[in-house]
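Q: One file is attached below, query11.cif, containing mmCIF, C-alpha atoms.
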data_target
loop_
_atom_site.group_PDB
_atom_site.id
_atom_site.type_symbol
_atom_site.label_atom_id
_atom_site.label_comp_id
_atom_site.auth_asym_id
_atom_site.auth_seq_id
_atom_site.Cartn_x
_atom_site.Cartn_y
_atom_site.Cartn_z
ATOM 1 C CA MET M 1 163.383 -92.054 150.492
ATOM 2 C CA GLU M 2 162.603 -95.689 149.928
ATOM 3 C CA ASN M 3 159.472 -96.736 151.778
ATOM 4 C CA LYS M 4 158.307 -100.202 152.728
ATOM 5 C CA THR M 5 155.069 -101.269 154.331
ATOM 6 C CA ASN M 6 154.698 -102.974 157.674
ATOM 7 C CA ALA M 7 153.397 -106.495 158.261
ATOM 8 C CA SER M 8 149.767 -105.420 158.009
ATOM 9 C CA GLY M 9 150.530 -103.542 154.818
ATOM 10 C CA ASP M 10 148.757 -100.366 155.806
ATOM 11 C CA THR M 11 151.263 -97.958 157.346
ATOM 12 C CA PRO M 12 154.312 -96.948 155.341
ATOM 13 C CA VAL M 13 157.502 -97.843 157.159
ATOM 14 C CA LEU M 14 160.722 -95.967 156.451
ATOM 15 C CA THR M 15 163.983 -97.800 155.973
ATOM 16 C CA ASN M 16 166.182 -97.682 159.038
ATOM 17 C CA GLY M 17 169.411 -96.482 157.380
ATOM 18 C CA SER M 18 169.205 -92.757 158.046
ATOM 19 C CA ALA M 19 168.399 -93.262 161.731
ATOM 20 C CA ALA M 20 171.198 -95.824 162.035
ATOM 21 C CA ALA M 21 173.604 -93.265 160.547
ATOM 22 C CA ALA M 22 172.504 -90.634 163.091
ATOM 23 C CA ILE M 23 172.756 -93.078 165.996
ATOM 24 C CA PHE M 24 176.115 -94.563 165.084
ATOM 25 C CA SER M 25 177.754 -91.231 164.231
ATOM 26 C CA ALA M 26 176.573 -89.624 167.494
ATOM 27 C CA ALA M 27 178.042 -92.470 169.533
ATOM 28 C CA LEU M 28 181.253 -92.257 167.513
ATOM 29 C CA GLY M 29 181.397 -88.486 168.084
ATOM 30 C CA CYS M 30 181.154 -89.020 171.849
ATOM 31 C CA PHE M 31 183.837 -91.707 171.695
ATOM 32 C CA VAL M 32 186.203 -89.497 169.674
ATOM 33 C CA LEU M 33 185.667 -86.710 172.200
ATOM 34 C CA ALA M 34 186.534 -89.061 175.068
ATOM 35 C CA ILE M 35 189.649 -90.400 173.320
ATOM 36 C CA LEU M 36 190.890 -86.918 172.414
ATOM 37 C CA ALA M 37 190.319 -85.717 175.977
ATOM 38 C CA LEU M 38 192.329 -88.691 177.236
ATOM 39 C CA LEU M 39 195.141 -88.091 174.740
ATOM 40 C CA ALA M 40 195.293 -84.376 175.531
ATOM 41 C CA ASP M 41 195.539 -85.243 179.202
ATOM 42 C CA HIS M 42 198.475 -87.600 178.674
ATOM 43 C CA SER M 43 200.517 -85.969 175.924
ATOM 44 C CA ALA M 44 201.867 -82.424 176.048
ATOM 45 C CA LEU M 45 202.302 -82.429 172.266
ATOM 46 C CA ILE M 46 198.708 -83.432 171.540
ATOM 47 C CA LYS M 47 197.512 -81.027 174.207
ATOM 48 C CA SER M 48 199.270 -78.098 172.544
ATOM 49 C CA CYS M 49 198.033 -79.157 169.084
ATOM 50 C CA LEU M 50 194.448 -79.095 170.374
ATOM 51 C CA VAL M 51 194.578 -75.526 171.626
ATOM 52 C CA PHE M 52 192.436 -73.904 168.921
ATOM 53 C CA TYR M 53 191.352 -71.023 171.146
ATOM 54 C CA GLN M 54 193.869 -70.036 173.796
ATOM 55 C CA PRO M 55 191.470 -68.900 176.567
ATOM 56 C CA THR M 56 189.599 -72.228 176.448
ATOM 57 C CA GLY M 57 192.753 -74.319 176.039
ATOM 58 C CA PRO M 58 192.760 -77.886 174.673
ATOM 59 C CA LEU M 59 189.031 -78.274 175.336
ATOM 60 C CA SER M 60 188.454 -76.098 172.262
ATOM 61 C CA GLY M 61 190.320 -78.535 170.001
ATOM 62 C CA VAL M 62 188.983 -81.689 171.649
ATOM 63 C CA THR M 63 185.379 -80.633 171.134
ATOM 64 C CA THR M 64 185.846 -79.018 167.712
ATOM 65 C CA VAL M 65 187.579 -82.074 166.232
ATOM 66 C CA ALA M 66 185.023 -84.438 167.788
ATOM 67 C CA ILE M 67 182.096 -82.388 166.451
ATOM 68 C CA LEU M 68 183.588 -82.127 162.957
ATOM 69 C CA LEU M 69 184.267 -85.875 162.863
ATOM 70 C CA TRP M 70 180.749 -86.576 164.130
ATOM 71 C CA LEU M 71 179.155 -84.392 161.436
ATOM 72 C CA PHE M 72 181.431 -85.781 158.711
ATOM 73 C CA THR M 73 180.685 -89.382 159.707
ATOM 74 C CA TRP M 74 176.980 -88.606 159.895
ATOM 75 C CA ALA M 75 176.934 -87.106 156.399
ATOM 76 C CA LEU M 76 179.008 -89.975 155.009
ATOM 77 C CA LEU M 77 176.899 -92.725 156.582
ATOM 78 C CA HIS M 78 173.671 -90.933 155.708
ATOM 79 C CA GLY M 79 174.754 -90.935 152.089
ATOM 80 C CA ARG M 80 175.606 -94.630 152.191
ATOM 81 C CA TRP M 81 172.841 -96.005 154.426
ATOM 82 C CA GLY M 82 170.085 -93.411 153.972
ATOM 83 C CA LYS M 83 167.887 -95.463 151.664
ATOM 84 C CA LYS M 84 168.855 -98.908 152.880
ATOM 85 C CA ILE M 85 167.810 -101.357 155.517
ATOM 86 C CA VAL M 86 170.871 -101.961 157.658
ATOM 87 C CA PRO M 87 171.528 -104.495 160.450
ATOM 88 C CA ILE M 88 170.336 -102.166 163.191
ATOM 89 C CA GLY M 89 170.837 -104.679 166.010
ATOM 90 C CA ARG M 90 174.580 -104.835 165.391
ATOM 91 C CA ILE M 91 174.845 -101.070 164.813
ATOM 92 C CA ASN M 92 172.928 -100.375 168.036
ATOM 93 C CA ALA M 93 175.148 -102.749 170.006
ATOM 94 C CA PHE M 94 178.257 -101.086 168.634
ATOM 95 C CA ALA M 95 176.870 -97.607 169.314
ATOM 96 C CA PHE M 96 175.917 -98.516 172.886
ATOM 97 C CA ALA M 97 179.393 -99.979 173.457
ATOM 98 C CA LEU M 98 181.020 -96.787 172.150
ATOM 99 C CA LEU M 99 178.765 -94.672 174.332
ATOM 100 C CA ALA M 100 179.512 -96.758 177.432
ATOM 101 C CA LEU M 101 183.252 -96.514 176.742
ATOM 102 C CA SER M 102 182.915 -92.765 176.235
ATOM 103 C CA LEU M 103 181.211 -92.371 179.610
ATOM 104 C CA LEU M 104 183.865 -94.482 181.310
ATOM 105 C CA LEU M 105 186.822 -92.746 179.668
ATOM 106 C CA THR M 106 185.588 -89.257 180.510
ATOM 107 C CA PHE M 107 185.236 -90.221 184.190
ATOM 108 C CA PRO M 108 188.560 -88.946 185.618
ATOM 109 C CA PRO M 109 189.335 -91.854 188.012
ATOM 110 C CA ILE M 110 189.111 -94.237 185.033
ATOM 111 C CA GLY M 111 190.774 -91.932 182.503
ATOM 112 C CA ASP M 112 193.696 -91.479 184.894
ATOM 113 C CA LEU M 113 194.378 -95.231 184.862
ATOM 114 C CA PHE M 114 195.818 -94.998 181.351
ATOM 115 C CA MET N 1 175.909 -58.720 190.297
ATOM 116 C CA THR N 2 179.015 -58.841 188.110
ATOM 117 C CA THR N 3 179.059 -59.535 184.365
ATOM 118 C CA ARG N 4 180.725 -62.892 185.032
ATOM 119 C CA ALA N 5 178.107 -63.877 187.590
ATOM 120 C CA LEU N 6 175.381 -62.885 185.130
ATOM 121 C CA TRP N 7 176.881 -65.067 182.392
ATOM 122 C CA THR N 8 177.208 -67.946 184.858
ATOM 123 C CA LEU N 9 173.522 -67.519 185.656
ATOM 124 C CA VAL N 10 172.567 -67.506 181.964
ATOM 125 C CA HIS N 11 174.695 -70.615 181.323
ATOM 126 C CA GLY N 12 173.664 -72.634 184.361
ATOM 127 C CA MET N 13 170.252 -71.489 185.462
ATOM 128 C CA GLY N 14 169.176 -70.427 181.989
ATOM 129 C CA PHE N 15 170.305 -72.940 179.386
ATOM 130 C CA GLY N 16 171.452 -75.803 181.621
ATOM 131 C CA THR N 17 168.575 -75.939 184.054
ATOM 132 C CA LEU N 18 165.969 -75.387 181.352
ATOM 133 C CA TYR N 19 167.451 -78.335 179.441
ATOM 134 C CA LEU N 20 167.376 -80.538 182.540
ATOM 135 C CA LEU N 21 163.797 -79.533 183.299
ATOM 136 C CA ALA N 22 162.811 -80.258 179.703
ATOM 137 C CA CYS N 23 164.352 -83.738 179.799
ATOM 138 C CA SER N 24 161.510 -85.410 181.692
ATOM 139 C CA GLY N 25 158.965 -84.006 179.227
ATOM 140 C CA GLY N 26 161.100 -85.019 176.267
ATOM 141 C CA LEU N 27 161.519 -88.566 177.531
ATOM 142 C CA LEU N 28 157.823 -88.880 178.290
ATOM 143 C CA GLY N 29 156.874 -87.472 174.882
ATOM 144 C CA LEU N 30 159.255 -89.823 173.083
ATOM 145 C CA HIS N 31 158.073 -92.822 175.056
ATOM 146 C CA ARG N 32 154.377 -92.148 174.707
ATOM 147 C CA PHE N 33 154.329 -90.965 171.115
ATOM 148 C CA THR N 34 156.343 -93.907 169.789
ATOM 149 C CA SER N 35 154.840 -96.635 171.963
ATOM 150 C CA VAL N 36 152.976 -99.455 170.239
ATOM 151 C CA HIS N 37 150.170 -98.745 172.692
ATOM 152 C CA ALA N 38 149.880 -95.092 171.658
ATOM 153 C CA PRO N 39 146.618 -94.290 169.815
ATOM 154 C CA LEU N 40 147.137 -93.777 166.077
ATOM 155 C CA ASP N 41 144.539 -91.024 165.896
ATOM 156 C CA SER N 42 146.270 -88.505 168.175
ATOM 157 C CA ALA N 43 146.052 -84.792 167.412
ATOM 158 C CA PRO N 44 147.811 -83.914 164.120
ATOM 159 C CA GLY N 45 149.935 -81.237 165.776
ATOM 160 C CA GLN N 46 151.277 -83.628 168.401
ATOM 161 C CA ARG N 47 154.166 -84.932 166.307
ATOM 162 C CA ARG N 48 155.133 -81.396 165.346
ATOM 163 C CA PHE N 49 154.991 -80.334 168.978
ATOM 164 C CA VAL N 50 157.233 -83.179 170.211
ATOM 165 C CA GLY N 51 159.659 -82.498 167.350
ATOM 166 C CA PHE N 52 159.749 -78.783 168.189
ATOM 167 C CA TYR N 53 160.223 -79.624 171.876
ATOM 168 C CA LEU N 54 163.203 -81.896 171.102
ATOM 169 C CA VAL N 55 164.825 -79.347 168.769
ATOM 170 C CA THR N 56 164.440 -76.707 171.505
ATOM 171 C CA MET N 57 166.140 -79.095 173.934
ATOM 172 C CA ALA N 58 168.993 -79.608 171.474
ATOM 173 C CA LEU N 59 169.394 -75.843 171.041
ATOM 174 C CA LEU N 60 169.391 -75.327 174.822
ATOM 175 C CA SER N 61 172.083 -77.962 175.281
ATOM 176 C CA TRP N 62 174.244 -76.422 172.523
ATOM 177 C CA ALA N 63 173.811 -72.980 174.079
ATOM 178 C CA ALA N 64 174.785 -74.379 177.488
ATOM 179 C CA VAL N 65 178.004 -76.064 176.330
ATOM 180 C CA LEU N 66 179.069 -73.225 174.052
ATOM 181 C CA THR N 67 178.601 -70.506 176.680
ATOM 182 C CA GLY N 68 180.248 -72.789 179.223
ATOM 183 C CA ALA N 69 183.314 -73.532 177.103
ATOM 184 C CA TYR N 70 183.836 -70.182 175.404
ATOM 185 C CA VAL N 71 182.537 -67.617 177.909
ATOM 186 C CA ILE N 72 182.817 -68.996 181.444
ATOM 187 C CA TYR N 73 185.562 -71.613 181.246
ATOM 188 C CA PRO N 74 188.252 -69.075 180.192
ATOM 189 C CA TRP N 75 187.468 -67.080 183.366
ATOM 190 C CA TYR N 76 187.528 -70.278 185.427
ATOM 191 C CA ARG N 77 190.913 -71.486 184.164
ATOM 192 C CA ALA N 78 192.668 -68.093 183.948
ATOM 193 C CA ALA N 79 196.178 -68.220 185.401
ATOM 194 C CA PRO N 80 196.978 -65.746 188.185
ATOM 195 C CA PRO N 81 200.005 -63.470 187.795
ATOM 196 C CA THR N 82 203.057 -64.651 189.715
ATOM 197 C CA GLY N 83 202.880 -63.764 193.381
ATOM 198 C CA THR N 84 199.095 -63.423 193.517
ATOM 199 C CA VAL N 85 197.925 -64.145 197.049
ATOM 200 C CA ASP N 86 194.191 -63.597 196.659
ATOM 201 C CA LEU N 87 193.014 -66.330 194.270
ATOM 202 C CA SER N 88 189.318 -65.508 194.447
ATOM 203 C CA MET N 89 189.385 -64.262 190.850
ATOM 204 C CA PHE N 90 191.015 -67.507 189.641
ATOM 205 C CA PRO N 91 188.584 -70.305 190.547
ATOM 206 C CA GLN N 92 190.607 -73.261 189.236
ATOM 207 C CA HIS N 93 193.714 -72.181 191.122
ATOM 208 C CA LEU N 94 191.673 -71.375 194.203
ATOM 209 C CA LEU N 95 190.252 -74.910 194.242
ATOM 210 C CA MET N 96 193.643 -76.510 193.569
ATOM 211 C CA SER N 97 195.284 -74.532 196.378
ATOM 212 C CA SER N 98 193.596 -76.577 199.086
ATOM 213 C CA PRO N 99 193.423 -80.378 199.489
ATOM 214 C CA ALA N 100 189.888 -79.920 200.789
ATOM 215 C CA THR N 101 188.650 -78.405 197.512
ATOM 216 C CA LYS N 102 191.086 -79.904 194.976
ATOM 217 C CA GLY N 103 188.667 -82.713 194.125
ATOM 218 C CA TRP N 104 186.038 -80.284 192.865
ATOM 219 C CA HIS N 105 188.401 -79.446 190.027
ATOM 220 C CA SER N 106 190.228 -82.737 189.475
ATOM 221 C CA LEU N 107 187.027 -84.784 189.487
ATOM 222 C CA GLY N 108 184.200 -82.288 189.045
ATOM 223 C CA MET N 109 185.438 -79.923 186.366
ATOM 224 C CA GLU N 110 187.568 -82.532 184.598
ATOM 225 C CA TRP N 111 184.499 -84.739 184.201
ATOM 226 C CA LYS N 112 181.975 -81.994 183.553
ATOM 227 C CA GLU N 113 183.921 -80.186 180.846
ATOM 228 C CA HIS N 114 183.925 -83.286 178.638
ATOM 229 C CA VAL N 115 180.833 -85.300 179.490
ATOM 230 C CA ALA N 116 178.596 -82.229 179.094
ATOM 231 C CA TRP N 117 179.179 -82.292 175.330
ATOM 232 C CA PHE N 118 177.481 -85.682 175.047
ATOM 233 C CA ALA N 119 174.139 -83.994 175.783
ATOM 234 C CA PRO N 120 173.937 -81.785 172.654
ATOM 235 C CA ILE N 121 175.396 -84.452 170.362
ATOM 236 C CA LEU N 122 172.959 -87.116 171.554
ATOM 237 C CA THR N 123 169.969 -84.763 171.749
ATOM 238 C CA THR N 124 170.616 -83.602 168.181
ATOM 239 C CA ALA N 125 170.620 -87.225 167.003
ATOM 240 C CA VAL N 126 167.426 -87.950 168.965
ATOM 241 C CA SER N 127 165.696 -84.890 167.469
ATOM 242 C CA PHE N 128 166.722 -85.840 163.947
ATOM 243 C CA VAL N 129 165.502 -89.423 164.264
ATOM 244 C CA PHE N 130 162.208 -88.339 165.807
ATOM 245 C CA ILE N 131 161.509 -85.673 163.191
ATOM 246 C CA ARG N 132 162.336 -88.074 160.371
ATOM 247 C CA TYR N 133 160.476 -91.092 161.710
ATOM 248 C CA GLY N 134 157.862 -89.798 164.153
ATOM 249 C CA ARG N 135 155.296 -92.448 164.885
ATOM 250 C CA ASN N 136 157.079 -94.800 162.478
ATOM 251 C CA LEU N 137 159.480 -95.486 165.348
ATOM 252 C CA ARG N 138 156.844 -97.859 166.710
ATOM 253 C CA ASN N 139 157.628 -100.079 163.714
ATOM 254 C CA HIS N 140 161.385 -99.871 164.402
ATOM 255 C CA ARG N 141 161.764 -101.104 167.944
ATOM 256 C CA PRO N 142 165.604 -101.174 167.949
ATOM 257 C CA LEU N 143 165.649 -97.568 166.707
ATOM 258 C CA ARG N 144 163.134 -96.579 169.361
ATOM 259 C CA SER N 145 165.294 -98.245 172.021
ATOM 260 C CA ALA N 146 168.384 -96.405 170.777
ATOM 261 C CA VAL N 147 166.574 -93.068 170.810
ATOM 262 C CA LEU N 148 165.352 -93.619 174.375
ATOM 263 C CA VAL N 149 168.797 -94.783 175.570
ATOM 264 C CA PHE N 150 170.434 -91.752 173.952
ATOM 265 C CA ALA N 151 167.904 -89.428 175.592
ATOM 266 C CA VAL N 152 168.575 -90.988 179.014
ATOM 267 C CA VAL N 153 172.374 -90.766 178.568
ATOM 268 C CA ALA N 154 172.048 -87.133 177.455
ATOM 269 C CA PHE N 155 169.998 -86.432 180.600
ATOM 270 C CA PHE N 156 172.651 -88.150 182.731
ATOM 271 C CA ALA N 157 175.496 -86.183 181.081
ATOM 272 C CA ALA N 158 173.666 -82.902 181.572
ATOM 273 C CA GLY N 159 172.867 -83.892 185.166
ATOM 274 C CA VAL N 160 176.560 -84.528 185.914
ATOM 275 C CA ALA N 161 177.478 -81.182 184.347
ATOM 276 C CA GLY N 162 174.710 -79.374 186.207
ATOM 277 C CA PHE N 163 175.542 -80.884 189.582
ATOM 278 C CA PHE N 164 179.260 -80.155 189.373
ATOM 279 C CA GLY N 165 178.608 -76.745 187.877
ATOM 280 C CA ALA N 166 176.495 -75.820 190.884
ATOM 281 C CA MET N 167 179.055 -77.215 193.335
ATOM 282 C CA LEU N 168 181.969 -75.474 191.618
ATOM 283 C CA ASN N 169 180.084 -72.220 191.662
ATOM 284 C CA LYS N 170 179.440 -72.702 195.381
ATOM 285 C CA TYR N 171 183.069 -73.331 196.332
ATOM 286 C CA ALA N 172 184.824 -71.119 193.783
ATOM 287 C CA PRO N 173 182.412 -68.831 191.958
ATOM 288 C CA VAL N 174 183.480 -67.222 188.713
ATOM 289 C CA GLN N 175 183.433 -63.590 189.658
ATOM 290 C CA GLY N 176 184.652 -60.313 188.342
ATOM 291 C CA THR N 177 184.878 -56.712 189.381
ATOM 292 C CA ASP N 178 182.671 -55.054 186.776
ATOM 293 C CA ALA N 179 179.209 -54.895 188.286
ATOM 294 C CA VAL N 180 175.926 -55.120 186.407
ATOM 295 C CA THR N 181 173.389 -53.119 188.354
ATOM 296 C CA LEU N 182 169.976 -54.696 187.999
ATOM 297 C CA ASN N 183 168.148 -52.683 190.618
ATOM 298 C CA HIS N 184 168.872 -49.330 192.242
ATOM 299 C CA GLY N 185 167.219 -50.097 195.587
ATOM 300 C CA LYS N 186 166.696 -47.483 198.292
#
Let's see the structure in the file written out as structure tokens.

A:
Amino acid sequence: MENKTNASGDTPVLTNGSAAAAIFSAALGCFVLAILALLADHSALIKSCLVFYQPTGPLSGVTTVAILLWLFTWALLHGRWGKKIVPIGRINAFAFALLALSLLLTFPPIGDLF
Amino acid sequence: MTTRALWTLVHGMGFGTLYLLACSGGLLGLHRFTSVHAPLDSAPGQRRFVGFYLVTMALLSWAAVLTGAYVIYPWYRAAPPTGTVDLSMFPQHLLMSSPATKGWHSLGMEWKEHVAWFAPILTTAVSFVFIRYGRNLRNHRPLRSAVLVFAVVAFFAAGVAGFFGAMLNKYAPVQGTDAVTLNHGK
């Protein structure tokens, strides 16, 4: 991993890319889960497609797809950003927005508005 | 105690409650260890301990959601055969059968079954970032903020799941007929 030094030049400072990849992909994973839950709730076709394990119903597909997309995005972004310094302020803001939307969309009174 | 009640106990009081109890320690450890005011010469094992603590939290949250979704939830949502009058073995249908308890499913379970998954996803990300960066997070204030926000949201998500889990189990417990005998009392 590419290391830099901090302002005082004494402590090695890691680049922020790999953490940014973990943060952004986790927020995206939560958002995908919320969107899939919403879609499964509103479409019989999507609901039936997301039944991966009959006893658990569509929840099995919603969570499996979200987790796979989260891990895939994480691996992809880690490969691209891992050794770089990325604009963490913008990535954080986007991740927080996705997380806030995820929380809102999974709250039934709000999800039922759509 | 029935097998189903035992699994509910393992899921809720075991994995779920242990995770919730661990949250305050995890947040405190993250905050203190990565603060700019934290002493640089802390014990060498401290970083390893906080990392181990966070990984344990992540494992607990994964165990809680996986047992919830794949062991207990199928019992909760099982459909009763046509003409069933006693719905006590079908918690979702029992709750939905009365306007007084319908909300515990339509709000409680509907929210809990999805938001609970945020906890393991976010806690895994927090653990990864901490293990990779450790005290270096003090030099990355936006990353430190993100880690702390994620940890708080994970705590909130697990809290919602825990609260509704307890309430659902109070009004419509997942129960079965096969008993697990823990104690042959006199």

Q: Could you write out as a ChimeraX atom specification the residues that the PyMOL selection byres ((chain M and resi 72-83) around 8) matches in the shown file?

A: /M:1-2,15-22,24-26,68-71,84-86

Q: Convert the current residue selection to file output with C-alpha atoms, as a PDB file, keeping the file's coordinate frame.

A:
ATOM      1  CA  MET M   1     163.383 -92.054 150.492  1.00  0.00           C
ATOM      2  CA  GLU M   2     162.603 -95.689 149.928  1.00  0.00           C
ATOM      3  CA  THR M  15     163.983 -97.800 155.973  1.00  0.00           C
ATOM      4  CA  ASN M  16     166.182 -97.682 159.038  1.00  0.00           C
ATOM      5  CA  GLY M  17     169.411 -96.482 157.380  1.00  0.00           C
ATOM      6  CA  SER M  18     169.205 -92.757 158.046  1.00  0.00           C
ATOM      7  CA  ALA M  19     168.399 -93.262 161.731  1.00  0.00           C
ATOM      8  CA  ALA M  20     171.198 -95.824 162.035  1.00  0.00           C
ATOM      9  CA  ALA M  21     173.604 -93.265 160.547  1.00  0.00           C
ATOM     10  CA  ALA M  22     172.504 -90.634 163.091  1.00  0.00           C
ATOM     11  CA  PHE M  24     176.115 -94.563 165.084  1.00  0.00           C
ATOM     12  CA  SER M  25     177.754 -91.231 164.231  1.00  0.00           C
ATOM     13  CA  ALA M  26     176.573 -89.624 167.494  1.00  0.00           C
ATOM     14  CA  LEU M  68     183.588 -82.127 162.957  1.00  0.00           C
ATOM     15  CA  LEU M  69     184.267 -85.875 162.863  1.00  0.00           C
ATOM     16  CA  TRP M  70     180.749 -86.576 164.130  1.00  0.00           C
ATOM     17  CA  LEU M  71     179.155 -84.392 161.436  1.00  0.00           C
ATOM     18  CA  LYS M  84     168.855 -98.908 152.880  1.00  0.00           C
ATOM     19  CA  ILE M  85     167.810-101.357 155.517  1.00  0.00           C
ATOM     20  CA  VAL M  86     170.871-101.961 157.658  1.00  0.00           C
TER      21      VAL M  86
END

Q: List every protein, DNA or RNA residue with an atom no more than 12 Å from (170.0, -93.3, 168.2) in the file's coordinates, counting only C-alpha atoms, and format the result as a ChimeraX atom specification.

A: /M:16-28,74,88-89,91-96,99 /N:121-130,133,137,140-154

Q: Which residues match the PyMOL selection byres ((chain N and resi 112) around 8) in the file above, as JSON, numbers by chain?

A: {"N": [108, 109, 110, 111, 113, 114, 115, 116, 160, 161, 164, 165]}

Q: Expressed in Å to a single decimal, how great is the separation between atom CA of M:Ala44 and atom CA of N:Trp75?

A: 22.3 Å

Q: What does the structure give for the distance between atom CA of M:Asp41 and atom CA of N:Leu95, in Å to one decimal?

A: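 These atoms are spaced 19.0 Å apart.
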
Q: Output the residue selection produced by the PyMOL selection byres ((chain N and resi 66) around 12) on the file above, formatted as a PyMOL selection string.

A: (chain M and resi 56+59-60+63-64) or (chain N and resi 7+10-12+15-16+59-65+67-74+113+116-117+119-120)

Q: When you count only C-alpha atoms, which of these residues is closest to N:Gln92: N:Leu27, N:Ala5, N:Val174, N:Met167?

A: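 Going through N:Leu27, N:Ala5, N:Val174, N:Met167 one by one, the smallest distance to N:Gln92 is for N:Val174.
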
Q: Please put the answer as lines of an AutoDock Vina configuration file: centre and edge lengths, in Å with one decimal, of a box along x, y and z that encloses all listed atoms of stretch 94-108 of chain M plus 4 Å on each side.

A:
center_x = 182.2
center_y = -95.0
center_z = 177.1
size_x = 20.6
size_y = 20.1
size_z = 25.0

Q: Let me make sure I understand: among N:Val50, N:Ala157, N:Leu168, N:Leu20, which one has the smallest atom-to-atom distance to M:Thr106 if we use only C-alpha atoms?

A: N:Ala157

Q: For each of N:Gln46, N:Asn169, N:Asn136, N:Gln175, take the minimum atom-to-atom distance to chain M, counting all atoms listed in the file, then give the residue where this is smallest.

A: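 Answer, going by the shortest atom-to-atom distance: N:Asn136.
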
Q: Do you have the atom CA of N:Arg4-atom CA of N:Ala158 distance handy?

A: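 According to the coordinates, atom CA of N:Arg4 and atom CA of N:Ala158 are separated by 21.5 Å.
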
Q: Point out the residue among N:Ala79, N:Ala58, N:Ala166, N:Val85 with the least atom-to-atom distance to chain M, counting only C-alpha atoms.

A: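 Nearest candidate to chain M out of N:Ala79, N:Ala58, N:Ala166, N:Val85: N:Ala79.
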
Q: So which one's closest to chain N, M:Leu103, M:Val51, M:Ala40, M:Ile110? Using all atoms listed in the file, please.

A: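 Closest candidate: M:Leu103.
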
Q: Show me as a ChimeraX atom specification the residues that reach within 8 Å of (161.0, -83.7, 170.7), counting all atoms listed in the file and using the file's own coordinates.

A: /N:26,29-30,49-57,126-127,130-131
